[in-house]
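Next up, final-v6.txt (compact mmCIF, C-alpha atoms):
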# COMPACT_ATOMS: atom_id res chain seq x y z
CA MET A 52 105.70 140.43 207.44
CA HIS A 53 109.18 139.07 206.81
CA ARG A 54 109.41 135.41 207.83
CA ARG A 55 112.27 132.96 208.16
CA ALA A 56 111.69 129.34 207.19
CA LEU A 57 113.82 126.36 208.03
CA LEU A 58 114.18 124.64 204.65
CA ILE A 59 114.91 120.92 204.52
CA VAL A 60 114.81 119.19 201.14
CA ASN A 61 115.24 115.47 200.58
CA ALA A 62 118.17 115.71 198.18
CA LYS A 63 118.12 111.92 197.74
CA SER A 64 114.64 111.90 196.24
CA ARG A 65 114.19 111.61 192.49
CA SER A 66 113.96 115.36 191.94
CA GLY A 67 115.17 116.68 195.28
CA ALA A 68 118.78 117.57 194.48
CA ALA A 69 117.83 119.39 191.29
CA GLN A 70 115.00 121.26 193.00
CA ARG A 71 116.71 122.30 196.26
CA ASP A 72 118.10 125.62 195.01
CA ILE A 73 114.90 126.33 193.07
CA ALA A 74 112.88 125.81 196.27
CA ALA A 75 115.02 128.37 198.11
CA GLU A 76 114.58 130.86 195.27
CA ARG A 77 110.82 130.38 195.17
CA LEU A 78 110.55 131.06 198.89
CA LYS A 79 112.62 134.23 198.46
CA ASP A 80 110.38 135.29 195.58
CA HIS A 81 107.46 135.17 198.00
CA GLY A 82 109.18 137.15 200.75
CA ILE A 83 110.32 134.23 202.88
CA GLU A 84 113.96 133.94 203.96
CA PRO A 85 115.05 130.28 203.73
CA VAL A 86 117.46 128.87 206.31
CA HIS A 87 118.66 125.77 204.48
CA VAL A 88 119.84 122.75 206.47
CA ASP A 89 121.08 119.49 204.95
CA CYS A 90 119.60 116.27 206.29
CA GLY A 91 121.23 112.97 205.31
CA ARG A 92 118.87 110.56 207.07
CA ARG A 93 115.14 110.70 207.65
CA GLU A 94 115.75 109.82 211.32
CA ASP A 95 117.56 113.16 211.72
CA LEU A 96 114.79 115.31 210.25
CA SER A 97 112.65 115.85 213.35
CA PRO A 98 115.65 116.50 215.66
CA LEU A 99 116.93 119.10 213.17
CA ILE A 100 113.59 120.90 213.23
CA VAL A 101 113.61 121.01 217.02
CA GLN A 102 117.25 122.14 217.06
CA HIS A 103 116.58 125.15 214.80
CA ALA A 104 113.08 125.99 216.06
CA LYS A 105 114.05 129.15 217.91
CA ASP A 106 115.67 130.67 214.81
CA VAL A 107 112.70 130.40 212.41
CA ASP A 108 108.95 131.01 212.09
CA CYS A 109 108.08 127.79 210.26
CA ALA A 110 109.55 124.57 208.90
CA VAL A 111 109.36 123.97 205.14
CA VAL A 112 110.02 120.40 204.01
CA GLY A 113 110.57 119.39 200.39
CA GLY A 114 110.21 115.74 199.48
CA GLY A 115 107.71 112.93 199.24
CA ASP A 116 105.28 111.53 201.78
CA GLY A 117 107.97 109.55 203.61
CA THR A 118 110.04 112.71 204.14
CA LEU A 119 107.03 114.66 205.42
CA ASN A 120 106.17 111.74 207.70
CA ALA A 121 109.65 112.01 209.25
CA ALA A 122 109.04 115.70 210.06
CA ALA A 123 105.77 115.14 211.94
CA PHE A 124 107.06 114.74 215.49
CA GLY A 125 109.61 117.52 214.94
CA VAL A 126 107.08 120.22 214.06
CA ILE A 127 104.81 119.08 216.92
CA GLU A 128 107.63 119.33 219.48
CA ALA A 129 108.93 122.59 218.01
CA GLY A 130 105.46 124.13 217.83
CA LEU A 131 106.06 125.24 214.24
CA PRO A 132 103.68 125.25 211.28
CA LEU A 133 104.72 122.92 208.45
CA GLY A 134 105.14 124.13 204.88
CA ILE A 135 104.98 121.44 202.18
CA LEU A 136 106.92 121.43 198.91
CA PRO A 137 105.75 118.32 197.01
CA LEU A 138 108.93 116.84 195.52
CA GLY A 139 108.11 113.13 195.79
CA THR A 140 106.60 110.59 193.45
CA ALA A 141 103.09 110.24 194.90
CA ASN A 142 102.69 113.45 196.98
CA ASP A 143 99.48 112.19 198.60
CA LEU A 144 99.56 114.55 201.60
CA ALA A 145 99.83 117.54 199.25
CA ARG A 146 96.98 116.05 197.19
CA THR A 147 94.83 115.65 200.33
CA LEU A 148 95.47 119.28 201.33
CA GLU A 149 95.04 120.56 197.73
CA ILE A 150 98.54 122.05 197.71
CA PRO A 151 99.76 122.73 194.14
CA PHE A 152 102.42 120.33 192.87
CA ASP A 153 104.48 123.10 191.27
CA LEU A 154 107.04 124.79 193.53
CA ASP A 155 105.84 128.31 192.86
CA GLY A 156 102.25 127.42 193.74
CA ALA A 157 103.33 125.53 196.87
CA ALA A 158 105.52 128.46 197.99
CA GLN A 159 102.57 130.81 197.47
CA VAL A 160 100.48 128.69 199.88
CA ILE A 161 103.19 129.07 202.52
CA ALA A 162 103.52 132.81 201.85
CA ASP A 163 99.74 133.29 202.19
CA GLY A 164 100.13 132.04 205.77
CA ARG A 165 96.75 130.29 206.04
CA THR A 166 97.04 127.32 208.41
CA ARG A 167 94.99 124.22 209.09
CA LYS A 168 95.22 121.74 211.96
CA ILE A 169 95.29 118.14 210.75
CA ASP A 170 95.18 114.75 212.45
CA LEU A 171 98.14 112.41 212.72
CA GLY A 172 97.86 108.63 212.68
CA ILE A 173 100.10 106.62 214.99
CA VAL A 174 101.09 102.96 214.58
CA ASN A 175 103.23 101.45 217.36
CA GLY A 176 104.47 104.94 218.18
CA GLU A 177 105.35 105.82 214.56
CA PRO A 178 103.51 108.61 212.69
CA PHE A 179 101.59 108.49 209.42
CA PHE A 180 99.69 111.23 207.59
CA ASN A 181 98.10 109.19 204.81
CA VAL A 182 97.88 105.45 205.43
CA ALA A 183 99.60 102.60 207.27
CA SER A 184 99.18 99.10 205.90
CA ILE A 185 100.06 95.43 206.12
CA GLY A 186 100.26 93.11 203.12
CA LEU A 187 100.49 94.17 199.48
CA SER A 188 101.61 97.78 199.96
CA ALA A 189 104.16 96.81 202.60
CA GLU A 190 105.65 94.32 200.12
CA LEU A 191 105.60 97.07 197.51
CA ALA A 192 107.43 99.46 199.87
CA GLN A 193 110.08 96.81 200.56
CA LYS A 194 110.71 96.17 196.85
CA LEU A 195 110.43 99.77 195.66
CA THR A 196 114.06 100.74 196.18
CA ARG A 197 115.35 104.30 196.10
CA ASP A 198 117.16 103.47 192.85
CA ILE A 199 113.90 102.35 191.19
CA LYS A 200 112.14 105.53 192.37
CA ARG A 201 114.94 107.75 191.05
CA ARG A 202 115.25 105.95 187.72
CA TRP A 203 111.60 105.26 186.88
CA GLY A 204 109.41 107.53 189.03
CA ARG A 205 105.71 106.64 188.80
CA LEU A 206 106.43 103.97 186.19
CA GLY A 207 108.60 102.25 188.80
CA TYR A 208 105.58 102.02 191.12
CA ALA A 209 103.58 100.31 188.38
CA MET A 210 106.38 97.86 187.51
CA VAL A 211 106.94 96.78 191.11
CA ALA A 212 103.21 96.71 191.90
CA LEU A 213 102.57 94.32 189.01
CA ASN A 214 105.30 92.02 190.29
CA VAL A 215 103.89 92.10 193.84
CA LEU A 216 100.36 91.34 192.59
CA MET A 217 101.56 88.39 190.53
CA HIS A 218 103.02 86.74 193.62
CA ALA A 219 100.44 87.88 196.21
CA LYS A 220 99.09 85.39 198.72
CA PRO A 221 96.45 86.02 201.42
CA PHE A 222 97.47 85.97 205.09
CA ARG A 223 95.48 85.45 208.28
CA ALA A 224 94.98 88.28 210.76
CA THR A 225 92.71 89.36 213.59
CA ILE A 226 91.38 92.92 213.52
CA TYR A 227 90.32 94.29 216.90
CA GLY A 228 88.04 97.30 216.57
CA GLU A 229 86.30 99.29 219.27
CA ASN A 230 83.39 96.86 219.56
CA GLU A 231 84.38 93.59 217.93
CA ALA A 232 87.15 91.29 216.71
CA ALA A 233 87.23 89.92 213.16
CA HIS A 234 89.32 86.93 212.05
CA VAL A 235 90.19 87.47 208.39
CA ARG A 236 92.07 85.99 205.47
CA THR A 237 93.24 89.02 203.53
CA LEU A 238 95.67 90.38 200.95
CA GLN A 239 95.97 93.76 202.66
CA ILE A 240 94.81 95.69 205.70
CA ALA A 241 95.11 99.45 205.39
CA VAL A 242 94.38 102.08 208.02
CA GLY A 243 93.91 105.59 206.66
CA ASN A 244 94.19 108.94 208.41
CA GLY A 245 94.13 111.27 205.39
CA ARG A 246 92.16 111.08 202.17
CA PHE A 247 94.65 109.92 199.53
CA TYR A 248 97.35 107.24 199.31
CA GLY A 249 99.19 105.30 196.63
CA GLY A 250 99.33 108.20 194.17
CA GLY A 251 95.71 109.33 194.34
CA ASN A 252 93.58 106.42 195.56
CA ALA A 253 91.01 107.49 198.16
CA VAL A 254 91.09 105.82 201.59
CA GLU A 255 87.31 106.24 201.84
CA GLN A 256 85.05 108.49 199.82
CA ASP A 257 84.13 110.72 202.79
CA ALA A 258 87.50 110.66 204.57
CA THR A 259 89.25 113.92 205.50
CA ILE A 260 92.50 114.49 207.34
CA ASP A 261 90.80 116.41 210.14
CA ASP A 262 87.77 114.19 210.86
CA HIS A 263 89.34 112.76 214.06
CA HIS A 264 89.02 109.08 213.13
CA LEU A 265 90.69 106.32 211.14
CA ASP A 266 89.28 104.37 208.19
CA LEU A 267 90.29 100.69 207.87
CA TYR A 268 89.75 98.40 204.93
CA SER A 269 90.68 94.75 204.50
CA LEU A 270 90.97 93.10 201.06
CA GLU A 271 89.50 89.66 201.67
CA LEU A 272 90.05 88.28 198.17
CA GLU A 273 91.40 84.91 197.14
CA ARG A 274 92.84 86.20 193.86
CA ALA A 275 94.79 89.44 193.51
CA TRP A 276 93.79 89.83 189.85
CA LYS A 277 90.29 90.85 190.96
CA LEU A 278 91.80 94.10 192.21
CA ALA A 279 91.92 95.19 188.57
CA LEU A 280 88.12 95.10 188.51
CA MET A 281 88.05 97.24 191.65
CA ALA A 282 90.51 99.88 190.44
CA ARG A 283 87.90 102.57 189.80
CA SER A 284 86.29 101.93 193.20
CA PHE A 285 89.63 102.35 194.96
CA ARG A 286 90.34 105.56 193.05
CA HIS A 287 87.16 107.11 194.44
CA GLY A 288 87.13 105.46 197.88
CA ARG A 289 84.06 103.31 197.15
CA HIS A 290 85.75 99.93 197.63
CA GLY A 291 83.66 99.29 200.78
CA ALA A 292 80.71 98.55 198.47
CA TRP A 293 82.39 95.29 197.36
CA ASN A 294 81.50 92.19 199.40
CA GLU A 295 85.16 91.17 199.55
CA VAL A 296 86.24 94.45 201.16
CA ARG A 297 85.70 94.97 204.89
CA ALA A 298 85.42 98.69 205.77
CA VAL A 299 85.41 99.97 209.37
CA ARG A 300 85.68 103.45 210.91
CA ALA A 301 87.06 103.93 214.44
CA LYS A 302 89.56 105.86 216.55
CA GLU A 303 91.71 102.81 217.41
CA PHE A 304 92.53 99.40 215.95
CA ASP A 305 94.76 96.49 216.91
CA ILE A 306 95.95 94.01 214.29
CA ARG A 307 97.60 90.70 215.09
CA THR A 308 99.07 88.14 212.70
CA ARG A 309 100.43 84.64 213.32
CA LYS A 310 103.93 85.71 212.27
CA PRO A 311 105.23 89.29 212.49
CA LYS A 312 104.49 91.20 209.26
CA PRO A 313 106.00 94.55 208.26
CA VAL A 314 103.92 97.73 208.49
CA ASN A 315 104.26 100.39 205.81
CA ALA A 316 103.54 103.98 206.92
CA ASP A 317 103.43 106.58 204.12
CA GLY A 318 105.73 104.46 201.95
CA GLU A 319 108.28 103.55 204.65
CA ILE A 320 108.54 100.28 206.60
CA VAL A 321 108.49 101.51 210.21
CA THR A 322 107.38 98.62 212.43
CA GLN A 323 105.74 95.17 212.41
CA THR A 324 102.71 93.36 213.78
CA PRO A 325 101.26 93.15 216.34
CA ALA A 326 100.28 96.72 215.53
CA HIS A 327 98.26 99.28 217.49
CA PHE A 328 96.74 102.13 215.47
CA SER A 329 95.48 105.34 217.04
CA ILE A 330 94.93 108.98 216.13
CA ARG A 331 96.10 112.33 217.47
CA PRO A 332 93.40 114.83 216.51
CA ALA A 333 94.50 118.27 215.25
CA ALA A 334 98.12 117.39 216.10
CA VAL A 335 99.96 119.14 213.25
CA THR A 336 99.57 122.69 211.93
CA VAL A 337 100.18 122.95 208.17
CA PHE A 338 100.05 125.73 205.63
CA ALA A 339 97.17 124.93 203.28
CA PRO A 340 94.91 126.69 200.78
CA LYS A 341 91.53 127.96 201.87
CA GLN A 342 89.07 125.07 202.03
CA ALA A 343 86.14 125.18 199.67
CA GLU A 344 82.77 125.75 201.29
CA SER A 345 80.80 122.50 201.49
What is this file in structure tokens?
Amino acid sequence: MHRRALLIVNAKSRSGAAQRDIAAERLKDHGIEPVHVDCGRREDLSPLIVQHAKDVDCAVVGGGDGTLNAAAFGVIEAGLPLGILPLGTANDLARTLEIPFDLDGAAQVIADGRTRKIDLGIVNGEPFFNVASIGLSAELAQKLTRDIKRRWGRLGYAMVALNVLMHAKPFRATIYGENEAAHVRTLQIAVGNGRFYGGGNAVEQDATIDDHHLDLYSLELERAWKLALMARSFRHGRHGAWNEVRAVRAKEFDIRTRKPKPVNADGEIVTQTPAHFSIRPAAVTVFAPKQAES
């Protein structure tokens, strides 16, 4: 069946401009007619999807996790399935969904037409697919400028992360879960919806993006250098086994801090504390490969 796809590529991303025409060609190769629309600001992405919804069968977005995040409300309102072309630095949503990182493989997933309904996290009304956090990663998102991403790619993440860790200081917060409140002194509080974040770290070893709940962890360490000892645990989502890491699973959380602190959602600063986290189960339909039998 011949399909038309609204194609929006983040041309400002590190590889976006160079890959935009290639993305269109790959879709054509797989029998999909691309309707390309330029988008200058992430705030315009969802309105553009809604505006063109009646002319296409799906929305295909090329970019990183922040670009895909900006498309979430648009595809929900338009009632369109979302096709993902991983053109960012971390590509954690594609990793979670096991979408190939090469354009031809990603286009094949869209052409196959197999869809999956996934959950969407919400923090203060803003969406996140992977994780929303306060503390270290929010500081990282603030310092990781577009120029650093374009010039250094993944190495840029490492450079800025090292700088953030060297100057990290714990902050006080109160975490309100479904049954209790915890007063903590922490370096970071992260609330995960999907499985991967930060370029392949696991939110929690059993987390999936369609399990209808959120996974929170709080890094209650006095010294940031100890994170180096925990690196393998974070990679595999087993950090909850450490005494200094609080791990909680729920459908809603509230986090309050003495002074407002920025909240990073999928690599973008979108709001600040106090922050309310919730989940919209099965909110977004995405093209994804067939899931392996468990």
Please provide the set of residues having any atom within 7 Å of Gln159 of chain A, restricted to only C-alpha atoms, with same-chain residues fewer than 4 positions apart removed, written as number ranges by chain. A: 81, 155, 163
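Using only C-alpha atoms, the shortest contact distance between Arg236 of chain A and any of A:Ala334, A:Leu272, A:Ile150, A:Leu267 is found at A:Leu272.
The shortest atom-to-atom distance to Ala258 of chain A, with all atoms listed in the file taken into account, belongs to A:Val182 out of A:Val321, A:Ala121, A:Val182, A:Leu238.
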With distances taken over all atoms listed in the file, which of A:Leu78, A:Val299, A:Leu270, A:Ile173 is nearest to Glu229 of chain A? A:Val299
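Proximity to Ala129 of chain A was assessed for A:Ala233, A:Ile306, A:Val314, A:Val335 counting only C-alpha atoms; the smallest distance is recorded for A:Val335.
Shortest separation to Leu99 of chain A among A:Leu187, A:Leu57, A:Ala316, A:His327 occurs at residue A:Leu57, atoms counted being all atoms listed in the file.
Using only C-alpha atoms, the shortest contact distance between Val112 of chain A and any of A:His87, A:Arg92, A:Arg54, A:Arg246 is found at A:His87.
For the pair atom CA of Gly125 of chain A and atom CA of Ala74 of chain A, the interatomic distance is 20.7 Å.
Of note, atom CA of Ser184 of chain A and atom CA of His234 of chain A are spaced 16.8 Å apart.
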Around (112.6, 120.7, 213.3), as given in the file, which residues come within 12 Å? Count only C-alpha atoms and list them as a tab-separated table (two decimals) with C-alpha atoms, in the coordinates of the input.
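Contents of part-v9.tsv, as written:
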chain	number	residue	atom	x	y	z
A	56	ALA	CA	111.69	129.34	207.19
A	57	LEU	CA	113.82	126.36	208.03
A	58	LEU	CA	114.18	124.64	204.65
A	59	ILE	CA	114.91	120.92	204.52
A	86	VAL	CA	117.46	128.87	206.31
A	87	HIS	CA	118.66	125.77	204.48
A	88	VAL	CA	119.84	122.75	206.47
A	89	ASP	CA	121.08	119.49	204.95
A	90	CYS	CA	119.60	116.27	206.29
A	93	ARG	CA	115.14	110.70	207.65
A	94	GLU	CA	115.75	109.82	211.32
A	95	ASP	CA	117.56	113.16	211.72
A	96	LEU	CA	114.79	115.31	210.25
A	97	SER	CA	112.65	115.85	213.35
A	98	PRO	CA	115.65	116.50	215.66
A	99	LEU	CA	116.93	119.10	213.17
A	100	ILE	CA	113.59	120.90	213.23
A	101	VAL	CA	113.61	121.01	217.02
A	102	GLN	CA	117.25	122.14	217.06
A	103	HIS	CA	116.58	125.15	214.80
A	104	ALA	CA	113.08	125.99	216.06
A	105	LYS	CA	114.05	129.15	217.91
A	106	ASP	CA	115.67	130.67	214.81
A	107	VAL	CA	112.70	130.40	212.41
A	108	ASP	CA	108.95	131.01	212.09
A	109	CYS	CA	108.08	127.79	210.26
A	110	ALA	CA	109.55	124.57	208.90
A	111	VAL	CA	109.36	123.97	205.14
A	112	VAL	CA	110.02	120.40	204.01
A	119	LEU	CA	107.03	114.66	205.42
A	121	ALA	CA	109.65	112.01	209.25
A	122	ALA	CA	109.04	115.70	210.06
A	123	ALA	CA	105.77	115.14	211.94
A	124	PHE	CA	107.06	114.74	215.49
A	125	GLY	CA	109.61	117.52	214.94
A	126	VAL	CA	107.08	120.22	214.06
A	127	ILE	CA	104.81	119.08	216.92
A	128	GLU	CA	107.63	119.33	219.48
A	129	ALA	CA	108.93	122.59	218.01
A	130	GLY	CA	105.46	124.13	217.83
A	131	LEU	CA	106.06	125.24	214.24
A	132	PRO	CA	103.68	125.25	211.28
A	133	LEU	CA	104.72	122.92	208.45
A	134	GLY	CA	105.14	124.13	204.88
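The interatomic distance for the pair atom CA of Glu295 of chain A and atom CA of Lys220 of chain A works out to 15.1 Å.
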In the coordinates of the file, take the point (99.5, 127.5, 194.5) and a cut-off of 12 Å; then, counting all atoms listed in the file, name each qualifying protein, DNA or RNA residue as a VMD selection string. chain A and resid 77 81 135 to 137 145 148 to 163 338 to 341
Save out the residues we just selected, C-alpha atoms, as a short mmCIF file (atom, residue, chain, number, x, y, z; two decimals), in the coordinates of the input.
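Contents of again.cif, as written:
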data_model
loop_
_atom_site.label_atom_id
_atom_site.label_comp_id
_atom_site.auth_asym_id
_atom_site.auth_seq_id
_atom_site.Cartn_x
_atom_site.Cartn_y
_atom_site.Cartn_z
CA ARG A 77 110.82 130.38 195.17
CA HIS A 81 107.46 135.17 198.00
CA ILE A 135 104.98 121.44 202.18
CA LEU A 136 106.92 121.43 198.91
CA PRO A 137 105.75 118.32 197.01
CA ALA A 145 99.83 117.54 199.25
CA LEU A 148 95.47 119.28 201.33
CA GLU A 149 95.04 120.56 197.73
CA ILE A 150 98.54 122.05 197.71
CA PRO A 151 99.76 122.73 194.14
CA PHE A 152 102.42 120.33 192.87
CA ASP A 153 104.48 123.10 191.27
CA LEU A 154 107.04 124.79 193.53
CA ASP A 155 105.84 128.31 192.86
CA GLY A 156 102.25 127.42 193.74
CA ALA A 157 103.33 125.53 196.87
CA ALA A 158 105.52 128.46 197.99
CA GLN A 159 102.57 130.81 197.47
CA VAL A 160 100.48 128.69 199.88
CA ILE A 161 103.19 129.07 202.52
CA ALA A 162 103.52 132.81 201.85
CA ASP A 163 99.74 133.29 202.19
CA PHE A 338 100.05 125.73 205.63
CA ALA A 339 97.17 124.93 203.28
CA PRO A 340 94.91 126.69 200.78
CA LYS A 341 91.53 127.96 201.87
#
Contacts of Gly117 of chain A at 9 Å (all atoms listed in the file; same-chain gap of 6+ positions) as a PDB file with C-alpha atoms, keeping the file's coordinate frame:
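File selection-v8.pdb, as written:
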ATOM      1  CA  ARG A  93     115.140 110.700 207.650  1.00  0.00           C
ATOM      2  CA  GLY A 139     108.110 113.130 195.790  1.00  0.00           C
ATOM      3  CA  PHE A 179     101.590 108.490 209.420  1.00  0.00           C
ATOM      4  CA  ALA A 316     103.540 103.980 206.920  1.00  0.00           C
ATOM      5  CA  ASP A 317     103.430 106.580 204.120  1.00  0.00           C
ATOM      6  CA  GLY A 318     105.730 104.460 201.950  1.00  0.00           C
ATOM      7  CA  GLU A 319     108.280 103.550 204.650  1.00  0.00           C
TER       8      GLU A 319
END
Centre and edges of the segment 327-335 of chain A box, axis-aligned, 8 Å extra per side, as lines of an AutoDock Vina configuration file:
center_x = 96.7
center_y = 109.2
center_z = 215.4
size_x = 22.6
size_y = 35.9
size_z = 20.2
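Proximity to Glu303 of chain A at 10 Å, evaluated using all atoms listed in the file and with sequence-adjacent residues fewer than 5 positions away removed, yields Gly172, Ile173, Val174, Tyr227, Gly228, Glu229, Val242, His264, Leu265, Asp266, Leu267, His327, Phe328, Ser329 and Ile330 of chain A.
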Residues at most 12 Å from Lys310 of chain A, counting all atoms listed in the file, excluding those fewer than 6 positions away in the same chain, as a PDB file with C-alpha atoms, keeping the file's coordinate frame?
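Written file, out.pdb:
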ATOM      1  CA  PHE A 222      97.470  85.970 205.090  1.00  0.00           C
ATOM      2  CA  ARG A 223      95.480  85.450 208.280  1.00  0.00           C
ATOM      3  CA  ALA A 224      94.980  88.280 210.760  1.00  0.00           C
ATOM      4  CA  THR A 225      92.710  89.360 213.590  1.00  0.00           C
ATOM      5  CA  GLN A 323     105.740  95.170 212.410  1.00  0.00           C
ATOM      6  CA  THR A 324     102.710  93.360 213.780  1.00  0.00           C
ATOM      7  CA  PRO A 325     101.260  93.150 216.340  1.00  0.00           C
TER       8      PRO A 325
END
